[in-house]
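**Q** Input structure: model_36.txt, which contains compact mmCIF, C-alpha atoms.
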```
# COMPACT_ATOMS: atom_id res chain seq x y z
CA MET A 1 155.96 72.30 121.65
CA LYS A 2 152.52 73.88 121.96
CA ILE A 3 151.54 77.36 120.79
CA CYS A 4 148.09 78.82 121.35
CA LEU A 5 146.48 81.55 119.25
CA VAL A 6 144.55 84.04 121.36
CA GLY A 7 143.10 87.47 120.81
CA PRO A 8 139.95 89.55 120.83
CA PRO A 9 136.90 88.46 118.82
CA LEU A 10 137.03 89.20 115.08
CA SER A 11 140.78 89.73 115.11
CA GLY A 12 141.35 87.08 112.43
CA LYS A 13 142.51 84.27 114.74
CA THR A 14 140.58 81.53 112.95
CA VAL A 15 141.75 82.60 109.48
CA LEU A 16 145.35 82.75 110.69
CA PHE A 17 145.02 79.38 112.41
CA ALA A 18 143.74 77.92 109.13
CA ALA A 19 146.59 79.52 107.20
CA LEU A 20 149.21 78.19 109.61
CA THR A 21 147.85 74.66 109.81
CA GLY A 22 146.33 74.07 106.38
CA MET A 23 142.99 73.43 108.04
CA ALA A 24 140.11 75.18 106.28
CA PRO A 25 138.19 77.68 108.45
CA ALA A 26 135.08 75.53 108.17
CA GLU A 27 137.07 72.47 109.23
CA ALA A 28 138.51 74.37 112.19
CA ALA A 29 135.01 75.42 113.20
CA ALA A 30 133.91 71.78 113.03
CA HIS A 31 136.48 71.01 115.76
CA GLY A 32 134.55 73.22 118.16
CA ALA A 33 135.89 76.19 120.11
CA GLU A 34 139.38 74.71 120.54
CA PRO A 35 140.77 73.34 117.26
CA VAL A 36 144.23 71.74 117.42
CA ALA A 37 146.61 70.89 114.57
CA VAL A 38 150.18 69.61 114.37
CA VAL A 39 152.36 71.44 111.84
CA LYS A 40 155.67 70.27 110.38
CA VAL A 41 158.55 72.69 110.88
CA PRO A 42 160.06 73.65 107.49
CA ASP A 43 163.79 72.87 107.45
CA ASP A 44 165.80 72.71 104.24
CA ARG A 45 168.48 70.73 106.07
CA VAL A 46 166.10 67.80 106.64
CA ASP A 47 165.15 67.85 102.97
CA ARG A 48 168.82 67.89 101.91
CA LEU A 49 169.70 64.97 104.19
CA ALA A 50 166.73 63.02 102.87
CA GLU A 51 167.94 63.61 99.30
CA ILE A 52 171.31 62.12 100.24
CA TYR A 53 170.17 59.14 102.33
CA LYS A 54 166.87 58.42 100.55
CA PRO A 55 165.43 57.02 103.79
CA LYS A 56 162.22 55.09 104.23
CA LYS A 57 160.99 57.89 106.48
CA LYS A 58 161.67 61.63 106.68
CA ILE A 59 160.53 63.08 109.99
CA GLN A 60 160.48 66.82 110.52
CA ALA A 61 160.15 68.58 113.86
CA THR A 62 156.58 69.57 114.68
CA ILE A 63 154.68 72.33 116.50
CA GLU A 64 151.17 71.95 117.87
CA PHE A 65 148.99 74.98 117.18
CA SER A 66 145.70 75.49 118.99
CA GLU A 67 143.16 78.27 119.05
CA LEU A 68 141.04 79.44 121.94
CA ALA A 69 137.99 81.43 120.93
CA GLY A 70 136.96 84.48 122.94
CA VAL A 71 133.42 85.37 123.95
CA ALA A 72 130.90 86.69 121.49
CA ALA A 73 131.08 90.36 120.66
CA GLY A 74 128.83 92.69 122.61
CA ASP A 75 128.84 90.96 126.00
CA GLY A 76 130.51 93.92 127.69
CA ARG A 77 133.92 92.38 128.34
CA LYS A 78 137.05 93.88 126.84
CA THR A 79 138.67 90.68 125.64
CA GLY A 80 136.51 87.85 126.92
CA PHE A 81 139.33 86.01 128.70
CA SER A 82 137.56 84.04 131.43
CA GLU A 83 139.42 82.28 134.25
CA GLN A 84 138.74 78.94 132.54
CA PHE A 85 140.17 80.36 129.33
CA LEU A 86 143.28 81.68 131.10
CA GLY A 87 143.71 78.37 132.90
CA LYS A 88 143.88 76.55 129.57
CA LEU A 89 146.52 79.00 128.36
CA ARG A 90 148.78 77.96 131.23
CA THR A 91 149.22 74.51 129.67
CA VAL A 92 150.92 75.78 126.47
CA ASP A 93 154.55 76.71 125.85
CA ALA A 94 154.08 80.06 124.07
CA LEU A 95 151.33 82.54 123.30
CA LEU A 96 150.53 83.86 119.82
CA LEU A 97 148.41 86.95 120.39
CA VAL A 98 146.54 88.14 117.29
CA VAL A 99 145.54 91.81 117.25
CA ARG A 100 143.53 93.44 114.50
CA ALA A 101 144.95 96.27 112.41
CA PHE A 102 142.69 95.81 109.38
CA GLY A 103 139.50 97.68 108.66
CA ASP A 104 136.46 95.99 107.18
CA PRO A 105 132.97 97.57 107.19
CA ALA A 106 131.50 94.10 106.78
CA VAL A 107 133.24 92.94 109.98
CA PRO A 108 132.89 95.75 112.54
CA HIS A 109 135.33 95.71 115.46
CA PRO A 110 133.64 94.74 118.77
CA ARG A 111 135.11 97.89 120.38
CA GLU A 112 133.78 100.04 117.47
CA SER A 113 137.27 101.16 116.48
CA VAL A 114 140.42 99.45 115.20
CA ASP A 115 143.30 99.97 117.64
CA PRO A 116 145.74 97.05 117.79
CA VAL A 117 147.95 98.69 120.45
CA ARG A 118 144.92 99.07 122.74
CA ASP A 119 143.93 95.45 122.15
CA LEU A 120 147.45 94.28 122.97
CA ARG A 121 147.48 96.33 126.18
CA ASP A 122 144.09 94.95 127.20
CA ALA A 123 145.19 91.35 126.69
CA GLU A 124 148.49 91.90 128.52
CA THR A 125 146.58 93.50 131.42
CA GLU A 126 144.37 90.44 131.76
CA PHE A 127 147.43 88.16 131.76
CA LEU A 128 149.03 90.36 134.45
CA LEU A 129 145.94 90.36 136.65
CA SER A 130 145.56 86.60 136.28
CA ASP A 131 149.17 86.02 137.39
CA LEU A 132 148.70 88.39 140.33
CA ALA A 133 145.61 86.45 141.41
CA VAL A 134 147.58 83.19 141.34
CA ILE A 135 150.35 84.74 143.44
CA GLU A 136 147.99 86.26 146.02
CA LYS A 137 146.22 82.94 146.50
CA ARG A 138 149.50 81.11 147.10
CA PHE A 139 151.01 83.98 149.08
CA ASP A 140 148.52 83.79 151.95
CA ARG A 141 148.86 80.02 152.21
CA LEU A 142 152.67 80.17 152.20
CA GLU A 143 152.77 82.77 154.96
CA LYS A 144 150.56 80.58 157.17
CA GLU A 145 152.69 77.51 156.46
CA ILE A 146 155.90 79.39 157.30
CA ALA A 147 154.38 80.71 160.54
CA ALA A 148 153.34 77.19 161.56
CA LYS A 149 156.51 75.38 160.50
CA LYS A 150 159.31 77.32 158.89
CA SER A 151 160.66 75.58 155.80
CA ASP A 152 163.69 76.82 153.88
CA ARG A 153 162.02 75.96 150.58
CA ASP A 154 158.85 77.84 151.52
CA VAL A 155 160.88 80.88 152.58
CA ARG A 156 162.75 80.90 149.27
CA GLU A 157 159.54 80.42 147.29
CA LEU A 158 157.88 83.30 149.13
CA ALA A 159 160.86 85.55 148.36
CA VAL A 160 160.62 84.77 144.63
CA LEU A 161 156.86 85.38 144.67
CA LYS A 162 157.41 88.76 146.35
CA THR A 163 159.74 89.72 143.50
CA CYS A 164 157.17 88.53 140.95
CA ARG A 165 154.34 90.40 142.66
CA ALA A 166 156.28 93.68 142.77
CA HIS A 167 157.14 93.31 139.07
CA LEU A 168 153.52 92.63 138.10
CA GLU A 169 152.19 95.46 140.23
CA ALA A 170 154.52 97.73 138.26
CA GLU A 171 152.62 96.47 135.18
CA ARG A 172 155.60 94.60 133.81
CA PRO A 173 155.33 91.00 132.55
CA LEU A 174 157.42 88.29 134.18
CA ARG A 175 159.10 87.42 130.88
CA LEU A 176 161.25 90.52 131.46
CA LEU A 177 162.64 89.08 134.71
CA GLU A 178 165.71 86.85 134.76
CA PHE A 179 165.43 84.03 137.28
CA LYS A 180 168.25 81.91 138.65
CA PRO A 181 167.92 78.16 137.92
CA ASP A 182 166.84 77.39 141.51
CA GLU A 183 164.28 80.23 141.41
CA GLU A 184 162.93 78.94 138.10
CA LEU A 185 162.37 75.53 139.68
CA LEU A 186 160.47 77.07 142.59
CA ILE A 187 157.92 78.82 140.36
CA ARG A 188 157.78 76.47 137.38
CA GLY A 189 154.54 74.89 138.57
CA TYR A 190 152.66 78.18 138.47
CA ARG A 191 152.93 78.43 134.68
CA PHE A 192 152.63 82.20 134.77
CA LEU A 193 151.09 83.61 131.59
CA THR A 194 153.30 86.69 131.49
CA GLN A 195 156.40 84.50 131.78
CA LYS A 196 155.60 82.62 128.58
CA PRO A 197 157.23 83.76 125.31
CA LEU A 198 154.85 86.14 123.53
CA ILE A 199 154.53 86.53 119.77
CA VAL A 200 152.28 89.39 118.71
CA ALA A 201 150.78 88.87 115.25
CA VAL A 202 149.50 92.19 113.94
CA ASN A 203 146.85 91.30 111.36
CA LEU A 204 147.23 93.99 108.69
CA ASP A 205 145.19 95.25 105.79
CA GLU A 206 146.43 93.71 102.55
CA GLU A 207 147.58 97.09 101.23
CA ASP A 208 149.57 97.72 104.42
CA ILE A 209 151.83 94.70 103.89
CA ARG A 210 154.13 96.80 101.69
CA ARG A 211 154.63 99.35 104.50
CA GLU A 212 154.84 96.89 107.35
CA GLY A 213 157.66 98.76 109.12
CA GLU A 214 155.64 101.97 109.29
CA VAL A 215 152.50 100.24 110.56
CA LEU A 216 154.42 98.31 113.22
CA ALA A 217 156.26 101.41 114.54
CA PRO A 218 153.85 101.83 117.51
CA PHE A 219 154.82 98.32 118.65
CA ALA A 220 158.55 99.08 118.87
CA GLY A 221 158.46 99.05 122.68
CA TRP A 222 157.09 95.52 122.73
CA ALA A 223 159.37 94.28 119.95
CA GLU A 224 162.41 95.36 121.99
CA GLN A 225 161.31 93.46 125.11
CA ALA A 226 162.94 90.20 126.10
CA ASN A 227 161.13 87.01 125.08
CA THR A 228 158.76 88.99 122.86
CA ALA A 229 158.40 89.26 119.08
CA VAL A 230 156.12 91.38 116.91
CA ILE A 231 155.29 90.19 113.40
CA GLY A 232 153.16 91.88 110.77
CA LEU A 233 151.05 89.72 108.46
CA SER A 234 147.77 89.51 106.62
CA ALA A 235 145.84 86.37 107.53
CA ARG A 236 143.87 86.66 104.29
CA ILE A 237 147.03 86.77 102.19
CA GLU A 238 148.48 83.84 104.14
CA MET A 239 145.37 81.81 103.30
CA GLU A 240 145.88 82.61 99.61
CA LEU A 241 149.52 81.54 99.87
CA ARG A 242 148.51 78.11 101.18
CA GLU A 243 146.29 77.57 98.15
CA LEU A 244 148.81 78.62 95.48
CA PRO A 245 150.87 76.08 93.51
CA ASN A 246 154.64 76.38 94.06
CA ALA A 247 155.13 77.71 90.54
CA GLU A 248 153.10 80.84 91.39
CA LEU A 249 154.22 81.27 95.00
CA LYS A 250 157.43 83.24 94.42
CA ALA A 251 155.75 85.71 92.08
CA PHE A 252 152.90 86.24 94.55
CA LEU A 253 155.31 86.87 97.43
CA ALA A 254 157.36 89.28 95.33
CA ASP A 255 154.24 91.20 94.31
CA TYR A 256 153.47 91.95 97.97
CA GLY A 257 157.10 92.37 98.99
CA ILE A 258 156.90 89.39 101.34
CA THR A 259 160.23 87.67 101.96
CA ARG A 260 158.74 84.47 103.37
CA PRO A 261 155.32 83.21 104.52
CA ALA A 262 154.14 84.13 108.03
CA ARG A 263 154.22 80.50 109.13
CA GLU A 264 157.98 80.39 108.62
CA LYS A 265 158.46 83.74 110.41
CA LEU A 266 156.31 82.64 113.34
CA ILE A 267 158.08 79.31 113.72
CA ALA A 268 161.50 81.00 113.51
CA ALA A 269 160.43 83.52 116.15
CA THR A 270 159.18 80.72 118.40
CA TYR A 271 162.49 78.85 118.16
CA ARG A 272 164.40 82.04 118.91
CA LEU A 273 162.27 83.11 121.88
CA MET A 274 162.19 79.65 123.41
CA GLY A 275 165.89 79.03 122.82
CA LEU A 276 165.31 75.94 120.68
CA LEU A 277 167.56 74.25 118.14
CA SER A 278 167.55 71.12 116.00
CA PHE A 279 169.94 68.22 115.71
CA PHE A 280 169.61 65.34 113.26
CA THR A 281 169.88 61.58 113.17
CA VAL A 282 170.40 60.02 109.75
CA GLY A 283 170.36 56.62 108.08
CA GLN A 284 168.73 54.49 105.42
CA ASP A 285 165.70 53.85 107.59
CA GLU A 286 165.09 57.37 108.81
CA VAL A 287 166.23 60.98 108.68
CA LYS A 288 164.83 62.88 111.63
CA ALA A 289 165.02 66.34 113.19
CA TRP A 290 164.99 66.53 116.99
CA THR A 291 164.09 69.72 118.85
CA ILE A 292 165.94 70.55 122.08
CA ARG A 293 166.70 73.65 124.13
CA ASP A 294 169.93 75.52 123.54
CA GLY A 295 172.47 74.38 126.12
CA THR A 296 171.31 70.74 126.12
CA LYS A 297 174.18 68.31 126.62
CA ALA A 298 174.76 65.14 124.64
CA LEU A 299 173.50 62.83 127.40
CA ALA A 300 170.15 64.62 127.64
CA ALA A 301 169.88 64.79 123.83
CA ALA A 302 170.35 61.01 123.74
CA GLY A 303 167.46 60.72 126.18
CA GLU A 304 165.22 62.63 123.76
CA ILE A 305 165.62 59.70 121.37
CA HIS A 306 165.28 56.86 123.91
CA SER A 307 165.92 56.38 127.61
CA ASP A 308 168.03 53.28 126.83
CA ILE A 309 170.41 55.40 124.75
CA GLU A 310 170.78 57.84 127.63
CA ARG A 311 171.25 55.06 130.17
CA GLY A 312 173.86 53.23 128.10
CA PHE A 313 175.56 56.31 126.63
CA ILE A 314 179.18 55.74 125.56
CA ARG A 315 180.06 58.45 123.04
CA ALA A 316 178.40 60.71 120.49
CA GLU A 317 179.70 60.82 116.91
CA VAL A 318 179.12 64.43 115.85
CA VAL A 319 179.54 66.33 112.59
CA PRO A 320 178.05 69.78 111.82
CA PHE A 321 175.55 69.80 108.96
CA SER A 322 177.67 72.26 106.91
CA GLU A 323 180.77 70.07 107.26
CA PHE A 324 178.83 66.99 106.21
CA ILE A 325 177.46 68.71 103.11
CA ALA A 326 180.94 69.96 102.21
CA ALA A 327 182.41 66.46 102.56
CA GLY A 328 179.51 64.63 100.91
CA SER A 329 179.64 61.53 103.13
CA MET A 330 180.40 60.34 106.65
CA ALA A 331 183.42 58.45 105.34
CA GLU A 332 184.89 61.65 103.93
CA CYS A 333 184.11 63.46 107.20
CA ARG A 334 186.21 60.85 109.02
CA THR A 335 189.03 61.35 106.51
CA ARG A 336 188.91 65.13 106.98
CA GLY A 337 188.67 64.86 110.75
CA THR A 338 185.39 66.77 110.94
CA LEU A 339 183.56 63.80 112.50
CA ARG A 340 184.30 64.07 116.23
CA LEU A 341 183.77 61.83 119.24
CA GLU A 342 182.16 63.75 122.09
CA GLY A 343 181.32 62.81 125.68
CA LYS A 344 178.14 63.23 127.70
CA GLU A 345 179.01 66.83 128.67
CA TYR A 346 179.20 68.03 125.06
CA GLN A 347 176.77 70.88 124.41
CA VAL A 348 174.78 70.07 121.27
CA GLN A 349 174.85 72.75 118.56
CA ASP A 350 172.16 73.65 116.06
CA GLY A 351 172.59 71.53 112.93
CA ASP A 352 174.67 68.77 114.53
CA ILE A 353 174.29 65.35 112.93
CA ILE A 354 174.72 62.84 115.75
CA ASN A 355 175.08 59.08 116.04
CA PHE A 356 174.97 57.93 119.64
CA ARG A 357 177.07 54.92 120.69
CA PHE A 358 175.50 53.11 123.60
CA ALA A 359 175.31 49.72 125.29
CA VAL A 360 172.63 48.37 127.65
```
Take the structure in the file and write it out as structure tokens.

**A**
Amino acid sequence: MKICLVGPPLSGKTVLFAALTGMAPAEAAAHGAEPVAVVKVPDDRVDRLAEIYKPKKKIQATIEFSELAGVAAGDGRKTGFSEQFLGKLRTVDALLLVVRAFGDPAVPHPRESVDPVRDLRDAETEFLLSDLAVIEKRFDRLEKEIAAKKSDRDVRELAVLKTCRAHLEAERPLRLLEFKPDEELLIRGYRFLTQKPLIVAVNLDEEDIRREGEVLAPFAGWAEQANTAVIGLSARIEMELRELPNAELKAFLADYGITRPAREKLIAATYRLMGLLSFFTVGQDEVKAWTIRDGTKALAAAGEIHSDIERGFIRAEVVPFSEFIAAGSMAECRTRGTLRLEGKEYQVQDGDIINFRFAV
């Protein structure tokens, strides 16, 4: 899973990227304009299973964070999102848009005033225009192909693109549209930016953290949209959190009224927006979390581990994490009847511990 941090210059993207990944700002800068880091997904369930099995390896789910830098301030563009920049965004799974809500005389805003709602609108407008440009380019070609040799697939694709174009021209992102499975397949290759899950990180002044709800009120319209989340944070505070020993962390969080670090909130929002869940495989050699989409069936989940397991699938031995913890062992789960045998059509649930029986 790949998430890219974007936003106007001097919005705090690099500091937030460093806070999320543990990479120092100077280290991120050394990676050039596009630093990338893989971050382990915090999950207490993995830790608990590792305590029980004491495996040789504990493998958490991961998220790849990247950052794309905008243009230098003062070049006349609103956000600095070039076509090359937008093209790179199409390759990621979700967008993390950082907008600035903090004031700092030492770091003047490129637009000469701090207005995070304006910056969000500007960025969304560029994403909309970019998607419209992609549609228009394909639209003309499709119409010519249909006129020359009518294809049912081309006709259906054109119909979906017409719906997308009308929605975008109404200044509404495609993430608000619900597509049928066959329609989704027809447009998947376009990788529309406004169809990607959007997390808006509002980078607050440190003193505004305690009144986050009030400061985020102007973003209520976005927060209520489908496939969109709005999160308030202070990138500077998040950097401090990464540097604190665990013994001081709780007191620091309590002092600012922060329930949990932004990294955890952002990852949770990403899982929710993308419809992701985790299942686990356990043993003496390895305890591992696997990330799949909600609705994935046992056969496809087996394929996430290895194609041989999918090909030779027989049954899945399944027990929910909570039932396993309550029983204390797989043997006790069998005694209680909470360890079930499921077939290939079983829909995997979040927290399932699964052992796949297979033969090849």

**Q** Between A:Ile237, A:Val114, A:Val360, A:Ala268, which one has atoms that come closest to A:Ile63, using only C-alpha atoms?

**A**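 Ranked by minimum distance to A:Ile63, first place goes to A:Ala268.
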
**Q** Using only C-alpha atoms, can you list as a list of chain:residue names the residues within 12 Å of (171.9, 56.9, 127.2)?

**A**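 It turns out the residues near that spot are A:Lys297, A:Ala298, A:Leu299, A:Ala300, A:Ala301, A:Ala302, A:Gly303, A:Glu304, A:Ile305, A:His306, A:Ser307, A:Asp308, A:Ile309, A:Glu310, A:Arg311, A:Gly312, A:Phe313, A:Ile314, A:Arg315, A:Ala316, A:Gly343, A:Lys344, A:Asn355, A:Phe356, A:Arg357, A:Phe358, A:Ala359, A:Val360.
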
**Q** Write out as a list in words the residues lying within 12 Å of A:Pro218, counting only C-alpha atoms and excluding same-chain residues fewer than 5 positions away.

**A**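 Once the adjacent positions are removed, what remains is Ala101, Asp115, Pro116, Val117, Arg118, Leu120, Val202, Glu212, Gly213, Ala223, Glu224 and Val230 of chain A.
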
**Q** Within 9 Å of A:Gly257, counting all atoms listed in the file, which residues show up once you throw out same-chain ones fewer than 5 positions away? Write them as a list in words, please.

**A**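 Counting only the stated atoms, we get Ile209, Arg210 and Phe252 of chain A.
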
**Q** Write a file of the just-selected residues containing C-alpha atoms, as a compact mmCIF listing (two decimals), keeping the file's coordinate frame.

**A**
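This went into result19.txt:
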```
# COMPACT_ATOMS: atom_id res chain seq x y z
CA ILE A 209 151.83 94.70 103.89
CA ARG A 210 154.13 96.80 101.69
CA PHE A 252 152.90 86.24 94.55
```

**Q** If you take only C-alpha atoms and a cut-off of 9 Å, which residues of stretch 92-203 of chain A touch stretch 6-15 of chain A, and what are their nearest atom pairs and distances in Å to one decimal, in chain and number order, as JSON lines?

**A**
```
{"residue": "A:Leu95", "atom": "CA", "partner": "A:Val6", "partner_atom": "CA", "distance": 7.2}
{"residue": "A:Leu96", "atom": "CA", "partner": "A:Val6", "partner_atom": "CA", "distance": 6.2}
{"residue": "A:Leu97", "atom": "CA", "partner": "A:Val6", "partner_atom": "CA", "distance": 4.9}
{"residue": "A:Val98", "atom": "CA", "partner": "A:Gly7", "partner_atom": "CA", "distance": 5.0}
{"residue": "A:Val99", "atom": "CA", "partner": "A:Ser11", "partner_atom": "CA", "distance": 5.6}
{"residue": "A:Arg100", "atom": "CA", "partner": "A:Ser11", "partner_atom": "CA", "distance": 4.7}
{"residue": "A:Ala101", "atom": "CA", "partner": "A:Ser11", "partner_atom": "CA", "distance": 8.2}
{"residue": "A:Phe102", "atom": "CA", "partner": "A:Ser11", "partner_atom": "CA", "distance": 8.6}
{"residue": "A:Val107", "atom": "CA", "partner": "A:Leu10", "partner_atom": "CA", "distance": 7.4}
{"residue": "A:Pro108", "atom": "CA", "partner": "A:Leu10", "partner_atom": "CA", "distance": 8.2}
{"residue": "A:His109", "atom": "CA", "partner": "A:Leu10", "partner_atom": "CA", "distance": 6.7}
{"residue": "A:Pro110", "atom": "CA", "partner": "A:Pro9", "partner_atom": "CA", "distance": 7.1}
{"residue": "A:Asp119", "atom": "CA", "partner": "A:Pro8", "partner_atom": "CA", "distance": 7.2}
{"residue": "A:Leu120", "atom": "CA", "partner": "A:Gly7", "partner_atom": "CA", "distance": 8.4}
{"residue": "A:Ala123", "atom": "CA", "partner": "A:Gly7", "partner_atom": "CA", "distance": 7.3}
{"residue": "A:Asn203", "atom": "CA", "partner": "A:Gly12", "partner_atom": "CA", "distance": 7.0}
```

**Q** If we draw a sphere of 9 Å around (161.6, 87.5, 121.1), which residues have at least one atom in it when counting all atoms listed in the file? Please report them as an MDAnalysis selection string.

**A** chainID A and resid 197:199 223:230 269:270 272:274

**Q** Draw an axis-aligned box over all listed atoms of stretch 129-135 of chain A, pad each side with 5 Å, and write its centre and edge lengths in Å, one decimal, as AutoDock Vina command-line options.

**A**
```
--center_x 148.0 --center_y 86.8 --center_z 139.9 --size_x 14.8 --size_y 17.2 --size_z 17.2
```

**Q** Taking all atoms listed in the file into account, name the residue in A:Val200, A:Leu253, A:Val160, A:Met1 that is nearest to A:Leu266.

**A**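 Under the stated criterion, the closest residue is A:Val200.
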
**Q** Could you tell me how far atom CA of A:Arg263 lies from atom CA of A:Leu16, in Å and to one decimal?

**A**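 Computing it gives 9.3 Å between the two atoms.
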
**Q** Need to verify the contact set: A:Leu249, 12 Å, only C-alpha atoms, exclusion of same-chain residues closer than 3 positions in sequence. Can you return it as a count of residues only?

**A** 18

**Q** Figure out the distance between atom CA of A:Glu124 and atom CA of A:Ala69, please, to one decimal in Å.

**A**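 Computed distance, atom CA of A:Ala69 to atom CA of A:Glu124, equals 16.7 Å.
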
**Q** If I take atom CA of A:Ile292 and atom CA of A:Trp222, how far is one from the other in Å, to one decimal?

**A** 26.5 Å

**Q** Taking only C-alpha atoms into account, name the residue in A:Gln60, A:Thr291, A:Thr21, A:Ser66 that is nearest to A:Glu34.

**A**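 Of A:Gln60, A:Thr291, A:Thr21, A:Ser66, the one nearest A:Glu34, counting only C-alpha atoms, is A:Ser66.
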
**Q** My list of candidates is A:Ala18, A:Ala217, A:Ile52, A:Val92. Which is closest to A:Gly328 when distances are computed with only C-alpha atoms?

**A**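 For A:Gly328, the nearest of the candidates is A:Ile52.
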
**Q** Of the residues A:Glu143, A:Ala289, A:Leu185, A:Leu132, which is the one nearest to A:Arg172, using only C-alpha atoms?

**A** A:Leu132

**Q** Of the candidates A:Thr296, A:Thr194, A:Thr335, A:Thr281, which shows the shortest atom-to-atom distance to A:Val318, using all atoms listed in the file?

**A**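 Smallest distance to A:Val318 is found for A:Thr281.
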
**Q** Start from the incomplete input, build N, CA and C atoms for stretch 215-235 of chain A, and deliver everything as a PDB file, in the coordinates of the input.

**A**
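Written output follows (part.pdb):
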```pdb
ATOM      1  N   VAL A 215     153.689 100.614 109.802  1.00  0.00           N
ATOM      2  CA  VAL A 215     152.500 100.240 110.560  1.00  0.00           C
ATOM      3  C   VAL A 215     152.868  99.649 111.917  1.00  0.00           C
ATOM      4  N   LEU A 216     154.019  98.963 111.975  1.00  0.00           N
ATOM      5  CA  LEU A 216     154.420  98.310 113.220  1.00  0.00           C
ATOM      6  C   LEU A 216     155.213  99.234 114.148  1.00  0.00           C
ATOM      7  N   ALA A 217     155.471 100.477 113.721  1.00  0.00           N
ATOM      8  CA  ALA A 217     156.260 101.410 114.540  1.00  0.00           C
ATOM      9  C   ALA A 217     155.701 101.585 115.960  1.00  0.00           C
ATOM     10  N   PRO A 218     154.375 101.664 116.146  1.00  0.00           N
ATOM     11  CA  PRO A 218     153.850 101.830 117.510  1.00  0.00           C
ATOM     12  C   PRO A 218     154.133 100.637 118.422  1.00  0.00           C
ATOM     13  N   PHE A 219     154.554  99.511 117.849  1.00  0.00           N
ATOM     14  CA  PHE A 219     154.820  98.320 118.650  1.00  0.00           C
ATOM     15  C   PHE A 219     156.303  98.165 118.987  1.00  0.00           C
ATOM     16  N   ALA A 220     157.098  99.182 118.679  1.00  0.00           N
ATOM     17  CA  ALA A 220     158.550  99.080 118.870  1.00  0.00           C
ATOM     18  C   ALA A 220     158.900  98.745 120.317  1.00  0.00           C
ATOM     19  N   GLY A 221     158.178  99.315 121.270  1.00  0.00           N
ATOM     20  CA  GLY A 221     158.460  99.050 122.680  1.00  0.00           C
ATOM     21  C   GLY A 221     158.306  97.593 123.043  1.00  0.00           C
ATOM     22  N   TRP A 222     157.295  96.948 122.483  1.00  0.00           N
ATOM     23  CA  TRP A 222     157.090  95.520 122.730  1.00  0.00           C
ATOM     24  C   TRP A 222     158.145  94.688 121.998  1.00  0.00           C
ATOM     25  N   ALA A 223     158.426  95.053 120.752  1.00  0.00           N
ATOM     26  CA  ALA A 223     159.370  94.280 119.950  1.00  0.00           C
ATOM     27  C   ALA A 223     160.764  94.245 120.580  1.00  0.00           C
ATOM     28  N   GLU A 224     161.088  95.284 121.361  1.00  0.00           N
ATOM     29  CA  GLU A 224     162.410  95.360 121.990  1.00  0.00           C
ATOM     30  C   GLU A 224     162.470  94.621 123.322  1.00  0.00           C
ATOM     31  N   GLN A 225     161.325  94.159 123.820  1.00  0.00           N
ATOM     32  CA  GLN A 225     161.310  93.460 125.110  1.00  0.00           C
ATOM     33  C   GLN A 225     161.880  92.057 124.983  1.00  0.00           C
ATOM     34  N   ALA A 226     162.425  91.571 126.069  1.00  0.00           N
ATOM     35  CA  ALA A 226     162.940  90.200 126.100  1.00  0.00           C
ATOM     36  C   ALA A 226     161.800  89.208 125.944  1.00  0.00           C
ATOM     37  N   ASN A 227     162.087  88.108 125.250  1.00  0.00           N
ATOM     38  CA  ASN A 227     161.130  87.010 125.080  1.00  0.00           C
ATOM     39  C   ASN A 227     159.831  87.441 124.408  1.00  0.00           C
ATOM     40  N   THR A 228     159.932  88.468 123.561  1.00  0.00           N
ATOM     41  CA  THR A 228     158.760  88.990 122.860  1.00  0.00           C
ATOM     42  C   THR A 228     159.121  89.248 121.399  1.00  0.00           C
ATOM     43  N   ALA A 229     158.193  88.957 120.500  1.00  0.00           N
ATOM     44  CA  ALA A 229     158.400  89.260 119.080  1.00  0.00           C
ATOM     45  C   ALA A 229     157.114  89.855 118.522  1.00  0.00           C
ATOM     46  N   VAL A 230     157.257  90.774 117.580  1.00  0.00           N
ATOM     47  CA  VAL A 230     156.120  91.380 116.910  1.00  0.00           C
ATOM     48  C   VAL A 230     156.269  91.130 115.415  1.00  0.00           C
ATOM     49  N   ILE A 231     155.240  90.551 114.815  1.00  0.00           N
ATOM     50  CA  ILE A 231     155.290  90.190 113.400  1.00  0.00           C
ATOM     51  C   ILE A 231     154.057  90.736 112.692  1.00  0.00           C
ATOM     52  N   GLY A 232     154.274  91.403 111.580  1.00  0.00           N
ATOM     53  CA  GLY A 232     153.160  91.880 110.770  1.00  0.00           C
ATOM     54  C   GLY A 232     152.812  90.858 109.699  1.00  0.00           C
ATOM     55  N   LEU A 233     151.510  90.673 109.480  1.00  0.00           N
ATOM     56  CA  LEU A 233     151.050  89.720 108.460  1.00  0.00           C
ATOM     57  C   LEU A 233     149.626  90.051 108.080  1.00  0.00           C
ATOM     58  N   SER A 234     149.178  89.452 107.013  1.00  0.00           N
ATOM     59  CA  SER A 234     147.770  89.510 106.620  1.00  0.00           C
ATOM     60  C   SER A 234     147.266  88.085 106.581  1.00  0.00           C
ATOM     61  N   ALA A 235     146.355  87.743 107.473  1.00  0.00           N
ATOM     62  CA  ALA A 235     145.840  86.370 107.530  1.00  0.00           C
ATOM     63  C   ALA A 235     145.181  85.989 106.210  1.00  0.00           C
TER      64      ALA A 235
END
```
